[in-house]
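First the structure, in the form of structure tokens, and then the observations on it.
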2 protein chains.
Amino acid sequence: MMQKETRTYMADLASHVGEEVLVQGWVDTRRDQGKLVFFDFRDMTGYVQGVVLPGAAAHEISAKIRTEWVVEVTGKVNRRPEKNVQSGKQNGDIELEILSIAVLNEADTVPFDVTGDGRDINEDVRMKYRYLDLRRPRLQRNIRERDRIISFFRDYMHKHRFVEIETPILMKGTPEGSREYIVPSRLERGKFYALPQSPQQFKQLCMVAGFERYFQIARCMRDEDLRGDRQPEFTQLDFEMSFVKQEDILSFTEPMFIEMVKTLYPEKHFTETPFPRITFRESMEKYGSDKPDLRKDKSDPNELAFAWIVDFPMFEKDDEGNIQAAHHPFCSIKEEDEEKFMKGEDLFNVRANSYDLVLNGFELSSGSIRIHKADMQKKVFEYLQINEETQRRKFGHMLDAFKYGAPPHGGFAPGIDRVVMLMMNEPNIREVIPFPKNGEGKDLMMGSPSEADERQLKELGLELKKQTNK
Amino acid sequence: MMQKETRTYMADLASHVGEEVLVQGWVDTRRDQGKLVFFDFRDMTGYVQGVVLPGAAAHEISAKIRTEWVVEVTGKVNRRPEKNVQSGKQNGDIELEILSIAVLNEADTVPFDVTGDGRDINEDVRMKYRYLDLRRPRLQRNIRERDRIISFFRDYMHKHRFVEIETPILMKGTPEGSREYIVPSRLERGKFYALPQSPQQFKQLCMVAGFERYFQIARCMRDEDLRGDRQPEFTQLDFEMSFVKQEDILSFTEPMFIEMVKTLYPEKHFTETPFPRITFRESMEKYGSDKPDLRKDKSDPNELAFAWIVDFPMFEKDDEGNIQAAHHPFCSIKEEDEEKFMKGEDLFNVRANSYDLVLNGFELSSGSIRIHKADMQKKVFEYLQINEETQRRKFGHMLDAFKYGAPPHGGFAPGIDRVVMLMMNEPNIREVIPFPKNGEGKDLMMGSPSEADERQLKELGLELKKQTNK
């Protein structure tokens, strides 16, 4: 089937004018004009128009072939006559004179058109047939650009002496932060792993371990109610540095984003550089939001308004009025507020060394300089009303780690999905995630979540409670 | 604390002879000779020896400082006198004349020495304090080399037009293959996600989506009994290609491994290139194993005996004598055996287009050319006694996808943990995984798995069964 020596990708056809080539791919469109049959063929590198001339050997089979069939085509690459050149279109100046077509696989009529941008198609239907939806040029581009953006960040981190370290997916539950997914253990019945909401604790432990510059393109899972544009799983460029202050993180991150945009999306421009720095309080007072949209022209798809929001409060009140960590309990306290903090006075006005990066009204990233001393960490837990026993049980490893020579450290975690969404001018992150879930956390293509086998539950020592109305 | 302008890494000190520098890091060793106090300091780039001369300002503090304390040191970089040069040691020809030491964090006495290779330390203790264990040079090197190996593969794939695509961690359960971890859904009580045993189905769906060349450094989770050197989670270089035959996968993969070794580990040599190709049957007959160790000199740490094992059977019998897929149900059948297969005759002698890569007696990777037509796929399910209803329920999306123009495709999935283990000459994969679990699937550092909160179980609609003896 494959003749490795001879396959030519669509993107490379232009350099084979006058030659006979073999291409493989899909039938993108078909126009039967009686004597002439025109096809557009598609492979991962692009498109080419092919034509079956009157009396050609391929005429009979070309009558049968439909869109989305998988074919192997031999043909001669001809330059098009001047009047037929479609400038600005890939291979618009050449045409394949089709000599033979072999059908590698047929295709039923697809449930929707895959050549357009899909904006007019019901999203549930797109999701159910995601493997077809991904064929459209818009999604092919989004997914490939996602890889380019991630690759840019990876290279940048490596160039700056960071090491990528994989941290576990099966980790330990913690009572802090968002709700987490749990995974029942079979070997220890009645116990559970948790999926990471982020590698927060592991990256701090990497600092204790002396890696100094850690990063990871990290998968995070949060069992939140999926209002708005959330997904149960998302990806972040997670990083952490030792021997740094807040200023070091900001002045490392800012040029990384500027270089990413300049390298990959030179058509875009910045509203302001250096990125403005606004305190949380200023931002709330002036914009009524901690993620203000600072673009000057909201209709310009190439305008990027980055801004730093700094000096977030350390604590906030939850829905029931109880104290909780505004970001997470590992943030360190601003030097100016340390005295208040130590005395436990006016806690809701104590500021943390924490910072966000916002872009066009979206929060791109959150970070902080961490506590690296056990006594400070215990004090935060105390204010959060986590008692000694719970501290030991849930965070004993962190408190221990801080006793054995933890360096000063801090980090950041830009959200990849949002970065890609904003670079691609997409309205939501589902358009830049290969296999997203819908607003109810369902995968409509595979049909998950789904029932477990009785055997599985039995092995795990679990029973489903009878469904009752809440 | 940090003076960004002036920090010098240990690895860069040699170019600062005669200058005053600031270094940051850990006290690796300390030798108090009364008048002179010697330190070895350590950062992420290496080591340097420092000395506090008689009468130096740092004398008082140097008496207090112990190993593993975190310090910031200013000093003058001096060339050592000829007789004190330690050649072959990093910075063995220079010495830091210490002017001042600031303590950034103290350290309790560590539970074990972190300067040696740790081979004599109880593994459970190493795991409990993994954040200290990782400080030892052996593990620092393993984790950093792991990143280099993965980076090599990533670059290689990108250079060959592959696109990295992230597939979901929360996916759908399937009855095939190993036992999977399941994750209870809160939004759909009584239903479950499954963690991927591998991205097998997603990568095939990426082929249907027209990506043609997919790869991913993929996290896989299997709830197996952890005999031997297994881990509940592991990492593979997962890839898939369209319009290929078995020969294409083999002749793409072999040069990738050869180039990886030649580039990163030029001290190593191959027992035989091209890698020998052995059929499953030959291998079992000649070596009694499908992963023969073909090294000529088992005591040579630099010998690499790669080999291909091909023509695996499609089916095998499970422990109870029932038919099951030897690899997985998506493998295609060898052309020569298709007739037997279609007739359902002599099924245990029907061979698949499947192949393994073995190295020094370890299976590094498994792969196959897949079925890409719905009727063939249904036939396999039928032989595996998966009835029509279960086929639809569990694999409906695959059977549907194959109807809409699936290209011929196949793939491979080298195990990263084993590759790194073998390159590093480590005895097991736990030495090359940053935060591994022990033989019972426990994380001894964090203490997972652990009890879930009552509230969590309630939200998930789950009840723990009373523990009874099996």
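Every chain in the structure tokens takes a letter, A first, then B, and so on in the order presented; its residues are numbered from 1, and the ligands are numbered from 1 following the presented order.
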Practice problem: List the neighbours of His59 of chain A out to 12 Å using only C-alpha atoms; skip same-chain residues closer than 2 positions along the sequence, and give me the result as number ranges by chain. | Solution: A: 32-38, 51-57, 61-65, 97-101
Dump as a Markdown table the rows for residues of chain A within 6 Å of chain B: closest atom pair and distance in Å with one decimal, only C-alpha atoms counted, ordered by chain and rising residue number.
```
| residue | atom | partner | partner_atom | distance |
| --- | --- | --- | --- | --- |
| A:Met2 | CA | B:Val244 | CA | 5.8 |
| A:Met44 | CA | B:Phe211 | CA | 5.7 |
| A:Glu68 | CA | B:Gly405 | CA | 5.6 |
| A:Trp69 | CA | B:Gly405 | CA | 5.1 |
| A:Val70 | CA | B:Gly405 | CA | 5.6 |
| A:Asn105 | CA | B:Gly405 | CA | 5.8 |
| A:Glu106 | CA | B:Gly405 | CA | 5.7 |
| A:Ala107 | CA | B:Tyr404 | CA | 4.3 |
| A:Asp108 | CA | B:Tyr404 | CA | 5.3 |
| A:Tyr131 | CA | B:Ala209 | CA | 4.6 |
| A:Leu132 | CA | B:Ala209 | CA | 5.5 |
| A:Leu134 | CA | B:Ala209 | CA | 5.4 |
| A:Arg135 | CA | B:Ala209 | CA | 5.0 |
| A:Asp147 | CA | B:Glu164 | CA | 5.9 |
| A:Glu164 | CA | B:Asp147 | CA | 5.9 |
| A:Lys172 | CA | B:Ser448 | CA | 4.9 |
| A:Val183 | CA | B:Val183 | CA | 5.0 |
| A:Lys191 | CA | B:Glu451 | CA | 4.8 |
| A:Phe192 | CA | B:Pro449 | CA | 4.8 |
| A:Tyr193 | CA | B:Pro449 | CA | 4.6 |
| A:Leu205 | CA | B:Tyr131 | CA | 5.7 |
| A:Ala209 | CA | B:Tyr131 | CA | 4.6 |
| A:Gly210 | CA | B:Arg135 | CA | 5.9 |
| A:Phe211 | CA | B:Met44 | CA | 5.7 |
| A:Phe243 | CA | B:Met2 | CA | 6.0 |
| A:Val244 | CA | B:Met2 | CA | 5.9 |
| A:His397 | CA | B:Met446 | CA | 5.9 |
| A:Lys403 | CA | B:Ala107 | CA | 5.5 |
| A:Tyr404 | CA | B:Ala107 | CA | 4.3 |
| A:Gly405 | CA | B:Ala107 | CA | 4.5 |
| A:Met446 | CA | B:His397 | CA | 5.9 |
| A:Ser448 | CA | B:Lys172 | CA | 4.9 |
| A:Pro449 | CA | B:Tyr193 | CA | 4.6 |
| A:Ser450 | CA | B:Lys191 | CA | 4.9 |
| A:Glu451 | CA | B:Lys191 | CA | 4.8 |
| A:Gly461 | CA | B:Lys465 | CA | 5.2 |
| A:Leu462 | CA | B:Leu464 | CA | 4.9 |
| A:Glu463 | CA | B:Glu463 | CA | 5.0 |
| A:Leu464 | CA | B:Leu462 | CA | 4.9 |
| A:Lys465 | CA | B:Gly461 | CA | 5.2 |
```
Store the residues picked out above in a file with N, CA and C atoms, as a compact mmCIF listing (two decimals), in the first residue's frame.
```
# COMPACT_ATOMS: atom_id res chain seq x y z
N MET A 2 1.70 1.38 1.03
CA MET A 2 2.56 2.55 1.04
C MET A 2 3.80 2.28 0.22
N MET A 44 -1.94 15.75 5.69
CA MET A 44 -1.63 16.54 6.88
C MET A 44 -0.87 17.82 6.56
N GLU A 68 -14.28 12.44 1.62
CA GLU A 68 -13.75 11.79 2.83
C GLU A 68 -13.31 10.35 2.60
N TRP A 69 -13.36 9.85 1.37
CA TRP A 69 -12.74 8.56 1.12
C TRP A 69 -11.21 8.73 1.22
N VAL A 70 -10.57 7.62 1.56
CA VAL A 70 -9.11 7.63 1.70
C VAL A 70 -8.52 7.04 0.42
N ASN A 105 -9.73 3.28 1.68
CA ASN A 105 -10.88 3.06 2.55
C ASN A 105 -12.03 3.94 2.06
N GLU A 106 -13.23 3.37 2.09
CA GLU A 106 -14.39 4.17 1.74
C GLU A 106 -14.88 4.93 2.97
N ALA A 107 -15.86 5.80 2.75
CA ALA A 107 -16.41 6.55 3.88
C ALA A 107 -17.91 6.70 3.69
N ASP A 108 -18.66 6.47 4.76
CA ASP A 108 -20.07 6.83 4.75
C ASP A 108 -20.18 8.36 4.63
N TYR A 131 -13.60 13.15 16.14
CA TYR A 131 -12.57 12.66 15.20
C TYR A 131 -12.81 13.18 13.78
N LEU A 132 -14.04 13.59 13.49
CA LEU A 132 -14.31 14.23 12.20
C LEU A 132 -14.17 15.75 12.31
N LEU A 134 -12.21 17.35 14.10
CA LEU A 134 -10.79 17.71 14.10
C LEU A 134 -10.19 17.77 12.70
N ARG A 135 -10.91 17.24 11.71
CA ARG A 135 -10.40 17.31 10.34
C ARG A 135 -10.46 18.73 9.77
N ASP A 147 0.75 22.79 19.91
CA ASP A 147 2.04 22.10 20.01
C ASP A 147 3.20 23.09 19.84
N GLU A 164 12.72 19.57 33.14
CA GLU A 164 11.32 19.11 33.20
C GLU A 164 11.25 17.84 34.03
N LYS A 172 -1.81 12.31 46.73
CA LYS A 172 -2.55 12.25 47.98
C LYS A 172 -3.58 13.37 48.07
N VAL A 183 -9.48 8.50 43.46
CA VAL A 183 -9.32 7.23 42.75
C VAL A 183 -9.22 6.12 43.78
N LYS A 191 -9.18 3.00 50.78
CA LYS A 191 -8.35 4.20 50.67
C LYS A 191 -8.37 4.71 49.23
N PHE A 192 -7.91 5.94 49.07
CA PHE A 192 -8.04 6.63 47.79
C PHE A 192 -6.77 7.42 47.45
N TYR A 193 -6.46 7.46 46.17
CA TYR A 193 -5.53 8.47 45.66
C TYR A 193 -6.36 9.70 45.30
N LEU A 205 8.52 20.46 46.63
CA LEU A 205 9.44 19.42 47.10
C LEU A 205 10.63 19.28 46.16
N ALA A 209 14.49 19.40 47.07
CA ALA A 209 15.41 18.39 46.53
C ALA A 209 16.59 19.02 45.78
N GLY A 210 16.58 20.34 45.65
CA GLY A 210 17.75 20.99 45.06
C GLY A 210 17.75 21.14 43.56
N PHE A 211 16.60 20.93 42.92
CA PHE A 211 16.60 21.09 41.45
C PHE A 211 16.65 22.56 41.02
N PHE A 243 15.86 30.48 45.27
CA PHE A 243 16.69 31.67 45.49
C PHE A 243 16.16 32.87 44.72
N VAL A 244 14.83 33.01 44.71
CA VAL A 244 14.24 34.12 43.98
C VAL A 244 13.28 34.91 44.86
N HIS A 397 4.48 15.82 55.34
CA HIS A 397 5.65 15.74 54.45
C HIS A 397 6.17 17.13 54.08
N LYS A 403 12.08 21.45 57.13
CA LYS A 403 13.06 21.41 58.23
C LYS A 403 14.46 21.04 57.77
N TYR A 404 14.55 20.50 56.55
CA TYR A 404 15.83 19.92 56.13
C TYR A 404 16.56 20.76 55.09
N GLY A 405 16.43 22.08 55.22
CA GLY A 405 17.18 22.91 54.28
C GLY A 405 16.40 23.24 53.03
N MET A 446 -16.90 9.36 23.41
CA MET A 446 -16.70 8.03 23.99
C MET A 446 -17.87 7.63 24.89
N SER A 448 -18.30 8.95 28.22
CA SER A 448 -17.87 8.85 29.61
C SER A 448 -18.36 10.08 30.35
N PRO A 449 -18.57 10.03 31.67
CA PRO A 449 -18.39 8.83 32.49
C PRO A 449 -19.45 7.77 32.19
N SER A 450 -19.15 6.54 32.56
CA SER A 450 -20.08 5.46 32.27
C SER A 450 -20.14 4.50 33.47
N GLU A 451 -21.04 3.56 33.39
CA GLU A 451 -21.20 2.63 34.50
C GLU A 451 -19.94 1.76 34.69
N GLY A 461 -14.14 -2.64 46.84
CA GLY A 461 -14.85 -2.54 48.11
C GLY A 461 -15.79 -1.37 48.18
N LEU A 462 -16.42 -1.07 47.05
CA LEU A 462 -17.32 0.09 46.99
C LEU A 462 -18.74 -0.33 46.68
N GLU A 463 -19.66 0.45 47.18
CA GLU A 463 -21.06 0.26 46.87
C GLU A 463 -21.66 1.59 46.45
N LEU A 464 -22.53 1.54 45.44
CA LEU A 464 -23.22 2.76 45.05
C LEU A 464 -24.38 2.97 46.00
N LYS A 465 -24.51 4.20 46.48
CA LYS A 465 -25.67 4.51 47.30
C LYS A 465 -26.88 4.66 46.40
```
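Interatomic distance, atom CA of Pro266 of chain A against atom CA of Arg119 of chain A: 26.2 Å.
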Exercise. For segment 273-277 of chain B, please output as an MDAnalysis selection string all residues within 9 Å (counting only C-alpha atoms; exclusion window: fewer than 2 positions along the same chain).
Key: chainID B and resid 254 258 270:271 279 305:310
Quiz item: What are the DSSP helix (DSSP H, G or I) residues of segment 148-307 of chain B, as an MDAnalysis selection string?
Solution: chainID B and resid 148:159 200:208 246:264 280:287
Quiz item: Can you list, as number ranges by chain, every protein, DNA or RNA residue that comes within 6 Å of segment 8-23 of chain B when you count only C-alpha atoms, leaving out same-chain residues fewer than 3 positions away?
Solution: B: 45-47, 72-78
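With distances restricted to only C-alpha atoms, B:Asn438 is the closest residue to Val125 of chain B from B:Gln324, B:Tyr355, B:Asn438, B:Phe312.
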Quiz item: Can you list every residue in segment 81-266 of chain B that DSSP puts in strand (DSSP E or B), as number ranges by chain?
Solution: B: 94-105, 107, 163-164, 171, 182-184, 191-194, 213-221, 233-242
Self-check item: Residue contacts of Asp300 of chain B (12 Å, only C-alpha atoms) excluding same-chain residues fewer than 3 positions away, as a list in words
Solution: Glu267, Lys268, His269, Phe270, Thr271, Arg295, Lys296, Asp297, Glu303, Leu304, Ala305, Asn360 and Asn425 of chain B
